[in-house]
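Asker: The structure file coords17.pdb (PDB, C-alpha atoms) is provided below.
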```pdb
ATOM      1  CA  MET N  24       0.000   0.000   0.000  1.00  0.00           C
ATOM      2  CA  LYS N  25       2.806   2.410   0.899  1.00  0.00           C
ATOM      3  CA  GLN N  26       4.600   1.596  -2.377  1.00  0.00           C
ATOM      4  CA  LEU N  27       1.394   2.304  -4.271  1.00  0.00           C
ATOM      5  CA  ALA N  28       1.052   5.642  -2.467  1.00  0.00           C
ATOM      6  CA  SER N  29       4.572   6.633  -3.490  1.00  0.00           C
ATOM      7  CA  LEU N  30       3.882   5.618  -7.085  1.00  0.00           C
ATOM      8  CA  PHE N  31       0.668   7.626  -7.017  1.00  0.00           C
ATOM      9  CA  PHE N  32       2.541  10.807  -6.126  1.00  0.00           C
ATOM     10  CA  ILE N  33       5.158  10.195  -8.820  1.00  0.00           C
ATOM     11  CA  VAL N  34       2.616   9.617 -11.579  1.00  0.00           C
ATOM     12  CA  SER N  35       0.175  12.304 -10.493  1.00  0.00           C
ATOM     13  CA  SER N  36       2.879  14.964 -10.285  1.00  0.00           C
ATOM     14  CA  ILE N  37       3.059  14.901 -14.060  1.00  0.00           C
ATOM     15  CA  LEU N  38      -0.496  16.177 -14.217  1.00  0.00           C
ATOM     16  CA  PHE N  39      -0.131  19.192 -11.916  1.00  0.00           C
ATOM     17  CA  SER N  40       2.772  21.192 -13.277  1.00  0.00           C
ATOM     18  CA  GLY N  41       3.817  24.312 -11.426  1.00  0.00           C
ATOM     19  CA  ASN N  42       2.929  27.475 -13.313  1.00  0.00           C
ATOM     20  CA  SER N  43       5.274  30.381 -13.747  1.00  0.00           C
ATOM     21  CA  ILE N  44       4.269  33.203 -11.443  1.00  0.00           C
ATOM     22  CA  ALA N  45       2.957  35.288 -14.334  1.00  0.00           C
ATOM     23  CA  GLN N  46       0.574  32.433 -15.168  1.00  0.00           C
ATOM     24  CA  THR N  47      -0.580  31.637 -11.655  1.00  0.00           C
ATOM     25  CA  SER N  48      -4.365  31.676 -11.705  1.00  0.00           C
ATOM     26  CA  LYS N  49      -6.785  32.655  -8.989  1.00  0.00           C
ATOM     27  CA  THR N  50      -8.365  29.211  -9.222  1.00  0.00           C
ATOM     28  CA  LEU N  51      -5.010  27.588  -8.466  1.00  0.00           C
ATOM     29  CA  LEU N  52      -4.375  29.903  -5.530  1.00  0.00           C
ATOM     30  CA  THR N  53      -7.770  29.108  -3.997  1.00  0.00           C
ATOM     31  CA  GLY N  54      -7.722  25.363  -4.683  1.00  0.00           C
ATOM     32  CA  GLN N  55     -10.367  25.460  -7.399  1.00  0.00           C
ATOM     33  CA  SER N  56      -8.228  24.464 -10.373  1.00  0.00           C
ATOM     34  CA  SER N  57      -8.525  21.025 -11.945  1.00  0.00           C
ATOM     35  CA  ASN N  58      -6.363  18.512 -10.078  1.00  0.00           C
ATOM     36  CA  SER N  59      -8.340  15.297 -10.069  1.00  0.00           C
ATOM     37  CA  PHE N  60      -5.318  13.227  -8.989  1.00  0.00           C
ATOM     38  CA  ASN N  61      -4.619  15.484  -5.973  1.00  0.00           C
ATOM     39  CA  ALA N  62      -1.063  15.872  -7.212  1.00  0.00           C
ATOM     40  CA  LEU N  63       1.708  17.927  -5.696  1.00  0.00           C
ATOM     41  CA  GLU N  64       3.173  20.811  -7.685  1.00  0.00           C
ATOM     42  CA  THR N  65       5.869  19.425  -9.996  1.00  0.00           C
ATOM     43  CA  LYS N  66       8.973  21.145  -8.590  1.00  0.00           C
ATOM     44  CA  THR N  67       7.772  20.359  -5.076  1.00  0.00           C
ATOM     45  CA  GLN N  68       7.365  16.694  -5.965  1.00  0.00           C
ATOM     46  CA  GLU N  69      10.852  16.548  -7.481  1.00  0.00           C
ATOM     47  CA  ALA N  70      12.408  18.103  -4.372  1.00  0.00           C
ATOM     48  CA  LEU N  71      10.411  15.774  -2.112  1.00  0.00           C
ATOM     49  CA  LEU N  72      11.665  12.685  -3.953  1.00  0.00           C
ATOM     50  CA  LYS N  73      15.276  13.833  -3.510  1.00  0.00           C
ATOM     51  CA  MET N  74      14.679  14.462   0.190  1.00  0.00           C
ATOM     52  CA  GLN N  75      12.976  11.085   0.632  1.00  0.00           C
ATOM     53  CA  LYS N  76      15.936   9.354  -0.988  1.00  0.00           C
ATOM     54  CA  ALA N  77      18.406  11.128   1.312  1.00  0.00           C
ATOM     55  CA  ALA N  78      16.373  10.430   4.452  1.00  0.00           C
ATOM     56  CA  LEU N  79      16.026   6.754   3.579  1.00  0.00           C
ATOM     57  CA  LYS N  80      19.814   6.401   3.794  1.00  0.00           C
ATOM     58  CA  ASP N  81      19.427   7.371   7.464  1.00  0.00           C
ATOM     59  CA  GLY N  82      16.625   4.884   8.025  1.00  0.00           C
ATOM     60  CA  ILE N  83      13.790   7.418   7.797  1.00  0.00           C
ATOM     61  CA  LYS N  84      11.011   6.799   5.292  1.00  0.00           C
ATOM     62  CA  ILE N  85       9.343  10.155   4.688  1.00  0.00           C
ATOM     63  CA  GLN N  86       5.681   9.686   3.833  1.00  0.00           C
ATOM     64  CA  VAL N  87       3.133  12.332   2.909  1.00  0.00           C
ATOM     65  CA  ALA N  88       0.175  12.047   5.268  1.00  0.00           C
ATOM     66  CA  SER N  89      -1.600  14.954   3.561  1.00  0.00           C
ATOM     67  CA  GLY N  90      -0.489  16.818   0.454  1.00  0.00           C
ATOM     68  CA  TYR N  91      -2.614  18.673  -2.056  1.00  0.00           C
ATOM     69  CA  ARG N  92      -6.102  19.528  -0.826  1.00  0.00           C
ATOM     70  CA  SER N  93      -8.804  21.054  -2.996  1.00  0.00           C
ATOM     71  CA  PHE N  94     -11.146  23.891  -2.081  1.00  0.00           C
ATOM     72  CA  ASN N  95     -14.096  21.499  -2.043  1.00  0.00           C
ATOM     73  CA  ARG N  96     -12.309  19.113   0.316  1.00  0.00           C
ATOM     74  CA  GLN N  97     -11.343  21.956   2.655  1.00  0.00           C
ATOM     75  CA  ARG N  98     -14.923  23.229   2.585  1.00  0.00           C
ATOM     76  CA  GLN N  99     -16.171  19.761   3.567  1.00  0.00           C
ATOM     77  CA  ILE N 100     -13.800  19.763   6.538  1.00  0.00           C
ATOM     78  CA  TRP N 101     -14.824  23.290   7.542  1.00  0.00           C
ATOM     79  CA  ASN N 102     -18.573  22.713   7.208  1.00  0.00           C
ATOM     80  CA  ARG N 103     -18.397  19.446   9.165  1.00  0.00           C
ATOM     81  CA  LYS N 104     -16.594  21.129  12.046  1.00  0.00           C
ATOM     82  CA  TYR N 105     -18.898  24.132  11.899  1.00  0.00           C
ATOM     83  CA  LYS N 106     -22.000  21.937  12.241  1.00  0.00           C
ATOM     84  CA  LYS N 107     -20.409  20.026  15.119  1.00  0.00           C
ATOM     85  CA  TYR N 108     -19.611  23.142  17.143  1.00  0.00           C
ATOM     86  CA  GLU N 109     -22.946  24.746  16.243  1.00  0.00           C
ATOM     87  CA  ALA N 110     -24.727  21.672  17.636  1.00  0.00           C
ATOM     88  CA  GLU N 111     -22.737  22.139  20.853  1.00  0.00           C
ATOM     89  CA  GLY N 112     -24.231  25.617  21.210  1.00  0.00           C
ATOM     90  CA  LEU N 113     -21.291  27.799  20.165  1.00  0.00           C
ATOM     91  CA  VAL N 114     -22.040  31.132  18.486  1.00  0.00           C
ATOM     92  CA  PRO N 115     -20.549  31.900  15.023  1.00  0.00           C
ATOM     93  CA  ASP N 116     -17.565  33.924  16.268  1.00  0.00           C
ATOM     94  CA  ALA N 117     -16.660  31.229  18.798  1.00  0.00           C
ATOM     95  CA  ILE N 118     -17.017  28.529  16.152  1.00  0.00           C
ATOM     96  CA  PHE N 119     -14.755  30.452  13.794  1.00  0.00           C
ATOM     97  CA  ASN N 120     -12.114  30.931  16.495  1.00  0.00           C
ATOM     98  CA  LYS N 121     -12.243  27.254  17.438  1.00  0.00           C
ATOM     99  CA  ILE N 122     -11.861  25.945  13.897  1.00  0.00           C
ATOM    100  CA  VAL N 123      -8.976  28.211  12.950  1.00  0.00           C
ATOM    101  CA  GLU N 124      -6.816  26.943  15.797  1.00  0.00           C
ATOM    102  CA  TYR N 125      -5.685  24.264  13.326  1.00  0.00           C
ATOM    103  CA  SER N 126      -7.927  24.281  10.230  1.00  0.00           C
ATOM    104  CA  THR N 127      -7.906  26.894   7.488  1.00  0.00           C
ATOM    105  CA  VAL N 128     -10.873  28.678   5.980  1.00  0.00           C
ATOM    106  CA  PRO N 129     -11.559  27.112   2.550  1.00  0.00           C
ATOM    107  CA  GLY N 130      -9.780  29.020  -0.183  1.00  0.00           C
ATOM    108  CA  THR N 131      -6.951  30.073   2.145  1.00  0.00           C
ATOM    109  CA  SER N 132      -5.162  26.758   2.715  1.00  0.00           C
ATOM    110  CA  ARG N 133      -1.528  26.459   1.661  1.00  0.00           C
ATOM    111  CA  HIS N 134      -2.356  22.846   0.774  1.00  0.00           C
ATOM    112  CA  HIS N 135      -4.347  24.227  -2.187  1.00  0.00           C
ATOM    113  CA  TRP N 136      -1.063  25.076  -3.913  1.00  0.00           C
ATOM    114  CA  GLY N 137       0.443  21.585  -3.958  1.00  0.00           C
ATOM    115  CA  THR N 138       3.561  23.003  -2.285  1.00  0.00           C
ATOM    116  CA  ASP N 139       2.726  22.049   1.292  1.00  0.00           C
ATOM    117  CA  MET N 140       2.483  18.690   2.978  1.00  0.00           C
ATOM    118  CA  ASP N 141       2.165  16.966   6.332  1.00  0.00           C
ATOM    119  CA  LEU N 142       4.983  14.453   6.808  1.00  0.00           C
ATOM    120  CA  ILE N 143       5.431  11.328   8.935  1.00  0.00           C
ATOM    121  CA  ASP N 144       7.981   8.508   9.123  1.00  0.00           C
ATOM    122  CA  ALA N 145       6.611   5.269   7.670  1.00  0.00           C
ATOM    123  CA  ASN N 146       9.498   3.270   9.160  1.00  0.00           C
ATOM    124  CA  THR N 147       8.174   3.608  12.703  1.00  0.00           C
ATOM    125  CA  LYS N 148       5.397   1.930  14.649  1.00  0.00           C
ATOM    126  CA  TYR N 149       2.497   4.140  15.632  1.00  0.00           C
ATOM    127  CA  SER N 150      -1.214   3.992  16.315  1.00  0.00           C
ATOM    128  CA  GLY N 151      -4.113   6.403  16.247  1.00  0.00           C
ATOM    129  CA  SER N 152      -3.954   9.896  14.806  1.00  0.00           C
ATOM    130  CA  VAL N 153      -0.560  10.780  13.347  1.00  0.00           C
ATOM    131  CA  LEU N 154      -0.667  14.584  13.299  1.00  0.00           C
ATOM    132  CA  VAL N 155      -0.270  14.994  17.031  1.00  0.00           C
ATOM    133  CA  THR N 156       2.466  17.235  18.438  1.00  0.00           C
ATOM    134  CA  ASP N 157       3.637  14.768  21.105  1.00  0.00           C
ATOM    135  CA  LYS N 158       4.414  12.177  18.440  1.00  0.00           C
ATOM    136  CA  PHE N 159       7.128  14.461  17.011  1.00  0.00           C
ATOM    137  CA  HIS N 160       8.950  15.113  20.293  1.00  0.00           C
ATOM    138  CA  GLY N 161      10.486  13.212  23.186  1.00  0.00           C
ATOM    139  CA  ASP N 162       9.897   9.500  22.726  1.00  0.00           C
ATOM    140  CA  GLY N 163       7.288   9.994  20.015  1.00  0.00           C
ATOM    141  CA  PRO N 164       7.412   7.770  16.918  1.00  0.00           C
ATOM    142  CA  PHE N 165       8.256  10.686  14.614  1.00  0.00           C
ATOM    143  CA  CYS N 166      10.887  12.437  16.725  1.00  0.00           C
ATOM    144  CA  ARG N 167      13.727  11.052  14.554  1.00  0.00           C
ATOM    145  CA  LEU N 168      11.993  12.457  11.489  1.00  0.00           C
ATOM    146  CA  LYS N 169      11.614  15.841  13.181  1.00  0.00           C
ATOM    147  CA  ASP N 170      15.289  15.873  14.211  1.00  0.00           C
ATOM    148  CA  TRP N 171      16.349  14.928  10.675  1.00  0.00           C
ATOM    149  CA  MET N 172      14.162  17.593   9.098  1.00  0.00           C
ATOM    150  CA  ASP N 173      15.509  20.235  11.500  1.00  0.00           C
ATOM    151  CA  VAL N 174      18.971  19.573  10.078  1.00  0.00           C
ATOM    152  CA  HIS N 175      18.309  18.734   6.417  1.00  0.00           C
ATOM    153  CA  ALA N 176      14.935  20.110   5.238  1.00  0.00           C
ATOM    154  CA  ARG N 177      16.311  23.476   4.137  1.00  0.00           C
ATOM    155  CA  ASP N 178      18.943  21.752   1.976  1.00  0.00           C
ATOM    156  CA  PHE N 179      16.077  20.568  -0.224  1.00  0.00           C
ATOM    157  CA  GLY N 180      14.101  23.816  -0.124  1.00  0.00           C
ATOM    158  CA  PHE N 181      11.593  22.860   2.583  1.00  0.00           C
ATOM    159  CA  GLU N 182      10.649  24.978   5.592  1.00  0.00           C
ATOM    160  CA  LEU N 183       8.440  24.280   8.598  1.00  0.00           C
ATOM    161  CA  VAL N 184       5.411  26.552   8.201  1.00  0.00           C
ATOM    162  CA  TYR N 185       3.886  26.929  11.661  1.00  0.00           C
ATOM    163  CA  THR N 186       6.902  27.110  13.933  1.00  0.00           C
ATOM    164  CA  LEU N 187       7.117  26.878  17.715  1.00  0.00           C
ATOM    165  CA  ASN N 188       7.458  30.607  18.313  1.00  0.00           C
ATOM    166  CA  GLU N 189       5.414  32.458  20.914  1.00  0.00           C
ATOM    167  CA  ASN N 190       5.766  35.666  18.903  1.00  0.00           C
ATOM    168  CA  ARG N 191       4.159  34.111  15.822  1.00  0.00           C
ATOM    169  CA  SER N 192       0.444  34.733  15.293  1.00  0.00           C
ATOM    170  CA  GLY N 193      -2.098  32.448  13.667  1.00  0.00           C
ATOM    171  CA  PHE N 194      -2.241  28.687  13.623  1.00  0.00           C
ATOM    172  CA  LYS N 195      -0.832  26.637  16.438  1.00  0.00           C
ATOM    173  CA  TYR N 196       2.512  24.845  16.153  1.00  0.00           C
ATOM    174  CA  GLU N 197       2.540  22.021  13.588  1.00  0.00           C
ATOM    175  CA  PRO N 198       5.817  20.035  13.581  1.00  0.00           C
ATOM    176  CA  TRP N 199       4.603  17.999  10.602  1.00  0.00           C
ATOM    177  CA  HIS N 200       3.710  20.759   8.097  1.00  0.00           C
ATOM    178  CA  TYR N 201       6.424  21.661   5.566  1.00  0.00           C
ATOM    179  CA  SER N 202       6.390  23.884   2.498  1.00  0.00           C
ATOM    180  CA  TYR N 203       8.586  23.991  -0.597  1.00  0.00           C
ATOM    181  CA  ALA N 204       9.769  27.585  -0.269  1.00  0.00           C
ATOM    182  CA  PRO N 205      11.051  28.263  -3.835  1.00  0.00           C
ATOM    183  CA  VAL N 206       7.488  27.954  -5.155  1.00  0.00           C
ATOM    184  CA  SER N 207       5.217  28.646  -2.182  1.00  0.00           C
ATOM    185  CA  LYS N 208       6.778  32.043  -1.445  1.00  0.00           C
ATOM    186  CA  ASP N 209       5.806  33.213  -4.912  1.00  0.00           C
ATOM    187  CA  TYR N 210       2.337  31.712  -4.595  1.00  0.00           C
ATOM    188  CA  LEU N 211       1.796  33.540  -1.313  1.00  0.00           C
ATOM    189  CA  LYS N 212       2.994  36.764  -2.916  1.00  0.00           C
ATOM    190  CA  ASP N 213       0.450  36.285  -5.699  1.00  0.00           C
ATOM    191  CA  TYR N 214      -2.291  35.346  -3.234  1.00  0.00           C
ATOM    192  CA  LEU N 215      -1.826  38.522  -1.207  1.00  0.00           C
ATOM    193  CA  LYS N 216      -1.815  40.576  -4.389  1.00  0.00           C
ATOM    194  CA  GLU N 217      -4.551  38.943  -6.454  1.00  0.00           C
ATOM    195  CA  ILE N 218      -7.248  37.513  -4.182  1.00  0.00           C
ATOM    196  CA  ASP N 219     -10.172  39.696  -3.097  1.00  0.00           C
ATOM    197  CA  PHE N 220     -10.190  37.815   0.167  1.00  0.00           C
ATOM    198  CA  ILE N 221     -13.388  38.845   1.951  1.00  0.00           C
ATOM    199  CA  ASN N 222     -15.622  38.965  -1.119  1.00  0.00           C
ATOM    200  CA  PHE N 223     -14.327  35.560  -2.173  1.00  0.00           C
ATOM    201  CA  LEU N 224     -15.192  33.954   1.171  1.00  0.00           C
ATOM    202  CA  ARG N 225     -18.672  35.445   1.228  1.00  0.00           C
ATOM    203  CA  SER N 226     -19.469  34.065  -2.224  1.00  0.00           C
ATOM    204  CA  GLU N 227     -18.476  30.416  -1.770  1.00  0.00           C
ATOM    205  CA  ASN N 228     -21.167  28.793   0.408  1.00  0.00           C
ATOM    206  CA  ILE N 229     -18.899  28.362   3.441  1.00  0.00           C
ATOM    207  CA  LEU N 230     -20.863  27.923   6.649  1.00  0.00           C
ATOM    208  CA  GLY N 231     -20.751  30.936   8.943  1.00  0.00           C
ATOM    209  CA  MET N 232     -19.094  33.350   6.525  1.00  0.00           C
ATOM    210  CA  ASP N 233     -22.227  35.492   6.344  1.00  0.00           C
ATOM    211  CA  GLN N 234     -22.141  35.927  10.125  1.00  0.00           C
ATOM    212  CA  ILE N 235     -18.481  36.778  10.636  1.00  0.00           C
ATOM    213  CA  SER N 236     -17.552  40.453  10.522  1.00  0.00           C
ATOM    214  CA  ASP N 237     -15.195  41.957   7.950  1.00  0.00           C
ATOM    215  CA  GLU N 238     -12.936  42.961  10.839  1.00  0.00           C
ATOM    216  CA  ARG N 239     -12.625  39.366  12.101  1.00  0.00           C
ATOM    217  CA  LEU N 240     -11.915  38.054   8.616  1.00  0.00           C
ATOM    218  CA  GLN N 241      -9.297  40.741   8.069  1.00  0.00           C
ATOM    219  CA  ARG N 242      -7.604  39.755  11.322  1.00  0.00           C
ATOM    220  CA  TYR N 243      -7.530  36.141  10.140  1.00  0.00           C
ATOM    221  CA  TYR N 244      -5.992  37.358   6.872  1.00  0.00           C
ATOM    222  CA  ILE N 245      -3.165  39.062   8.738  1.00  0.00           C
ATOM    223  CA  GLU N 246      -2.632  36.699  11.649  1.00  0.00           C
ATOM    224  CA  HIS N 247      -3.199  33.306  10.029  1.00  0.00           C
ATOM    225  CA  ILE N 248      -2.360  33.602   6.349  1.00  0.00           C
ATOM    226  CA  GLN N 249       0.702  35.723   7.078  1.00  0.00           C
ATOM    227  CA  GLY N 250       1.513  34.317  10.533  1.00  0.00           C
ATOM    228  CA  ILE N 251       4.115  31.880   9.236  1.00  0.00           C
ATOM    229  CA  ASN N 252       7.807  31.076   9.379  1.00  0.00           C
ATOM    230  CA  PRO N 253       9.584  34.270   8.179  1.00  0.00           C
ATOM    231  CA  MET N 254      11.590  32.140   5.744  1.00  0.00           C
ATOM    232  CA  LEU N 255       8.351  31.616   3.795  1.00  0.00           C
ATOM    233  CA  ASN N 256       7.337  35.259   3.763  1.00  0.00           C
ATOM    234  CA  PRO N 257       7.860  36.890   0.343  1.00  0.00           C
ATOM    235  CA  LYS N 258       8.468  40.222   2.095  1.00  0.00           C
ATOM    236  CA  LYS N 259      11.764  38.790   3.316  1.00  0.00           C
ATOM    237  CA  ASP N 260      13.177  39.009  -0.245  1.00  0.00           C
TER     238      ASP N 260
END
```
Could I get this file's structure written as structure tokens?
Answerer:
Amino acid sequence: MKQLASLFFIVSSILFSGNSIAQTSKTLLTGQSSNSFNALETKTQEALLKMQKAALKDGIKIQVASGYRSFNRQRQIWNRKYKKYEAEGLVPDAIFNKIVEYSTVPGTSRHHWGTDMDLIDANTKYSGSVLVTDKFHGDGPFCRLKDWMDVHARDFGFELVYTLNENRSGFKYEPWHYSYAPVSKDYLKDYLKEIDFINFLRSENILGMDQISDERLQRYYIEHIQGINPMLNPKKD
């Protein structure tokens, strides 16, 4: 099964080529472009394969737990969580705040670009949910992967997105989420320039968006979309 998953990413990468920045479309940036194979962006996939090969020499089998994610898939996740918290009696603002601790508003996920992925080590024994912080530290099953990535990820162009930094705003620490910086920095630059953020969200049948104020959405735009590792911020260039 794991071999089939690796083959899937190799084959599907052919079908989701990375655009030049001048050609980057709004549908790509918001996860609404055609990508029926859920493929990673081509340059990202190439860099990932090189990194996987290097890590395997050290006994670490890097596996993508979650890679490309479409707008529709992210909306399903959002709407499911929204209904759950609504049934528990939370008001719209509280629901919004709860969801965005870890989950993005549809149309704003970095996973839409095919440059970001959640990584685990397939050479270890584990059970239950994999994207849990404790599993990447101490005696956790993925601590060797985390240590290896801390040393080598940047050599292949990858950066941890949501770092453990108390001065960083936005999403909570995610030791599993990496981004291919050479492409994602340009995509973020285009996103901030091209997407009419608030109007887009209000037009896409996302639960709760008609009840969240412009001010709260704008704060999300600043704190969450831009609250990332500085090495992934296009303003750093």
Asker: Counting only C-alpha atoms, which of N:Lys80, N:Arg167, N:Arg133, N:Lys195 gets nearest to Leu63 (chain N)?
Answerer: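 Under the stated criterion, the closest residue is N:Arg133.
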Asker: Can you tell me which residues surround region 95-110 of chain N at a distance of at most 9 Å, considering only C-alpha atoms, apart from same-chain residues fewer than 6 positions away, and format the answer as a list in words?
Answerer: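 Non-adjacent residues within range: Gly54, Gln55, Ala117, Ile118, Phe119, Lys121, Ile122, Ser126, Thr127, Val128, Pro129, Gly130, Ser132, His135, Asn228, Ile229, Leu230 and Gly231 of chain N.
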Asker: Name the residues that the PyMOL selection byres ((chain N and resi 148) around 12) picks from the file above, as a short mmCIF file (atom, residue, chain, number, x, y, z; two decimals) with C-alpha atoms, in the frame of the given file, using the file's chain letters and numbers.
Answerer:
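Writing the result to part.cif gives the following:
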```cif
data_model
loop_
_atom_site.label_atom_id
_atom_site.label_comp_id
_atom_site.auth_asym_id
_atom_site.auth_seq_id
_atom_site.Cartn_x
_atom_site.Cartn_y
_atom_site.Cartn_z
CA LYS N 84 11.01 6.80 5.29
CA ILE N 143 5.43 11.33 8.94
CA ASP N 144 7.98 8.51 9.12
CA ALA N 145 6.61 5.27 7.67
CA ASN N 146 9.50 3.27 9.16
CA THR N 147 8.17 3.61 12.70
CA TYR N 149 2.50 4.14 15.63
CA SER N 150 -1.21 3.99 16.32
CA GLY N 151 -4.11 6.40 16.25
CA VAL N 153 -0.56 10.78 13.35
CA LYS N 158 4.41 12.18 18.44
CA ASP N 162 9.90 9.50 22.73
CA GLY N 163 7.29 9.99 20.02
CA PRO N 164 7.41 7.77 16.92
CA PHE N 165 8.26 10.69 14.61
#
```
Asker: If the PyMOL selection byres ((chain N and resi 183) around 7) were run on this exact file, what residues would it hold? Put them as a list in words.
Answerer: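 On this input, the PyMOL selection byres ((chain N and resi 183) around 7) captures Phe181, Glu182, Val184, Tyr185, Thr186, His200, Tyr201, Ser202 and Asn252 of chain N.
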Asker: For the PyMOL selection byres ((chain N and resi 58) around 9), applied here, can you spell out every residue it catches as a count of residues only?
Answerer: 12
Asker: Taking 5 positions as the minimum chain separation for residues in the same chain, which residues sit within 7 Å of Thr138 (chain N) when counting all atoms listed in the file? Answer as a list of chain:residue names.
Answerer: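 These residues fall inside the cut-off: N:Leu63, N:Glu64, N:Thr67, N:Ser202, N:Tyr203, N:Val206, N:Ser207.
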Asker: What separation in Å, quoted to one decimal, exists between CA of Leu113 (chain N) and CA of Phe194 (chain N)?
Answerer: 20.2 Å
Asker: Kindly indicate which residue among N:Leu142, N:Ile245, N:Leu215, N:Leu240 lies nearest to Arg191 (chain N), using all atoms listed in the file for the distances.
Answerer: N:Ile245
Asker: From the set N:Glu246, N:Asp219, N:Glu227, N:Asp213, which residue has the shortest atom-to-atom contact distance to Thr47 (chain N), counting only C-alpha atoms?
Answerer: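 Among N:Glu246, N:Asp219, N:Glu227, N:Asp213, it is N:Asp213 that comes nearest to Thr47 (chain N).
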Asker: Taking into account all atoms listed in the file, which residue in the set N:Asp157, N:Lys212, N:Asp116, N:Pro205 is nearest to Asp178 (chain N)?
Answerer: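 For Asp178 (chain N), the nearest of the candidates is N:Pro205.
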Asker: How many Å separate CA of Arg225 (chain N) from CA of Leu51 (chain N)?
Answerer: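 Computing it gives 18.5 Å between the two atoms.
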Asker: Can you measure CA of Tyr210 (chain N) to CA of Pro257 (chain N) for me? One decimal in Å is fine.
Answerer: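 These two atoms are separated by 9.0 Å.
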Asker: Determine the nearest neighbour of Lys258 (chain N) from the options N:Trp171, N:Ser152, N:Gln86, N:Lys208, counting only C-alpha atoms.
Answerer: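 That would be N:Lys208, the residue with the smallest distance to Lys258 (chain N).
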Asker: How big is the axis-aligned box around the listed atoms of region 178-191 of chain N once 3 Å is added on each side, and where is its centre? Give both in Å to one decimal, as lines of an AutoDock Vina configuration file.
Answerer:
```
center_x = 11.4
center_y = 28.1
center_z = 10.3
size_x = 21.1
size_y = 21.1
size_z = 27.1
```
Asker: So that I can check the surroundings of Lys49 (chain N), please list as JSON, numbers by chain every protein, DNA and RNA residue that reaches within 8 Å of it, counting all atoms listed in the file and ignoring chain neighbours fewer than 4 positions away.
Answerer: {"N": [53, 214, 217, 218]}
Asker: Export C-alpha atoms of the chosen residues as a CSV table (one decimal), keeping the file's coordinate frame?
Answerer:
```
chain,number,residue,atom,x,y,z
N,53,THR,CA,-7.8,29.1,-4.0
N,214,TYR,CA,-2.3,35.3,-3.2
N,217,GLU,CA,-4.6,38.9,-6.5
N,218,ILE,CA,-7.2,37.5,-4.2
```
Asker: Taking only C-alpha atoms into account, which of N:Trp199, N:Val123, N:Met172, N:Met254 comes nearest Val155 (chain N)?
Answerer: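 Going through N:Trp199, N:Val123, N:Met172, N:Met254 one by one, the smallest distance to Val155 (chain N) is for N:Trp199.
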